[in-house]
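K.L.:
Right, I'll just put the structure down here and ask away after.
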Amino acid sequence: MSNHIIYPGTFDPITNGHIDLVERASRLFDRVIVAIAASAKKTTLFTLAEREQLAHITLAKYSNVEICTYSGLSVELARSRGIMMVLRGLRAISDFEYELQMANINRTIEPKFDTLFLTPAEKYAYISASMIREIASFGGDVSAFVPLEVQEALKNKQRSN
């Protein structure tokens with residue numbers, strides 16, 4: 001079994017909280033695959049290609065981190081790559097209820113599949129991509145929540161809308 005983990009999400013946009021989890025996972029695993037979902041159910045601010053590009057830019061310093069895009073079930077993506085471990089972040093108890101449900105469903109689909117829950121550093125525990133998008137939509141300062149490249153991308157997106 002490989003010492004690899006997959007970290008799926010929409011990353012719309014990638015935040016300092018996401019990066020914190022990737023950094024810590026990169027110390028625990030030989031390979032971390034950040035899997036950016038092309039979610040048909042969510043309306044995203046950034047296109048899949050834009051989200052992928054932002055992830056490449058913001059995670060470039062981690063040599064054992066790979067970025068990919070996918071559609072479909074995360075557990076199926078992981079299985080297709082021979083990975084039986086998924087990383088999920090928990091910010092609050094409300095996250096736990098949803099994530100526990102998802103972990104159990106994934107384990108039903110693939111009994112060998114495990115979920116590793118990490119909590120972000122306290123300073124990132126309240127950050128969510130949806131809050132970042134809302135703050136940015138009103139021209140608010142998001143510099144404490146996202147890297148500079150993401151700040152610029154948010155400003156450019158607001159100018160073009």
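Here's how to read the names in the structure tokens: chain A, B, ... by the order shown, residue numbers from 1 in each chain, ligand numbers from 1 in the order shown.
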Which residues of segment 71-152 of chain A come within 10 Å of segment 29-42 of chain A, and for each one, what is the closest pair of atoms and their distance in Å to one decimal, counting only C-alpha atoms, sorted by chain and residue number, as a tab-separated table?

P.N.:
residue	atom	partner	partner_atom	distance
A:Ser71	CA	A:Ala38	CA	5.1
A:Gly72	CA	A:Ala37	CA	7.9
A:Leu73	CA	A:Ala37	CA	9.1
A:Ser74	CA	A:Ala35	CA	8.2
A:Leu77	CA	A:Ala35	CA	8.7
A:Ala78	CA	A:Ile33	CA	9.3
A:Ile83	CA	A:Ile33	CA	9.7
A:Val86	CA	A:Ile33	CA	9.4
A:Leu87	CA	A:Val32	CA	9.0

K.L.:
If we count only C-alpha atoms and set the cut-off at 10 Å, which residues sit around Lys157 of chain A, ignoring sequence neighbours fewer than 5 positions away in its own chain? Please answer as a ChimeraX atom specification.

P.N.:
/A:45-46,136-137,151-152

K.L.:
Dump C-alpha atoms for the selected residues as an mmCIF file, in the first residue's frame?

P.N.:
data_model
loop_
_atom_site.group_PDB
_atom_site.id
_atom_site.type_symbol
_atom_site.label_atom_id
_atom_site.label_comp_id
_atom_site.auth_asym_id
_atom_site.auth_seq_id
_atom_site.Cartn_x
_atom_site.Cartn_y
_atom_site.Cartn_z
ATOM 1 C CA LEU A 45 -16.649 31.639 -8.980
ATOM 2 C CA PHE A 46 -13.518 30.311 -10.656
ATOM 3 C CA ALA A 136 -14.314 39.764 -1.904
ATOM 4 C CA SER A 137 -17.608 40.393 -3.714
ATOM 5 C CA GLN A 151 -6.228 37.982 -3.669
ATOM 6 C CA GLU A 152 -5.258 39.230 -7.130
#

K.L.:
Could you state the separation of atom CA of Asn3 of chain A and atom CA of Val22 of chain A in Å, given to one decimal place?

P.N.:
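Interatomic distance, atom CA of Asn3 of chain A to atom CA of Val22 of chain A: 14.7 Å.
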
K.L.:
Contacts of Ile105 of chain A at 12 Å or less, counting only C-alpha atoms, minus same-chain residues fewer than 5 places along, as a PyMOL selection string?

P.N.:
chain A and resi 73-75+98-100+110-111+113-115

K.L.:
Can you work out which one of A:Leu154, A:Met85, A:Ile6, A:Leu59 has the shortest atom-to-atom distance to Gly140 of chain A, counting only C-alpha atoms?

P.N.:
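Nearest candidate to Gly140 of chain A out of A:Leu154, A:Met85, A:Ile6, A:Leu59: A:Leu154.
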
K.L.:
Please run DSSP on the backbone and report, as a VMD selection string, all residues within segment 6-159 of chain A that come out as strand (DSSP E).

P.N.:
chain A and resid 6 to 9 31 to 37 65 to 70 85 to 89 114 to 118

K.L.:
Which is closest to His56 of chain A among A:Ile19, A:Met84, A:Met102, A:Ala25, if we use only C-alpha atoms?

P.N.:
A:Ile19
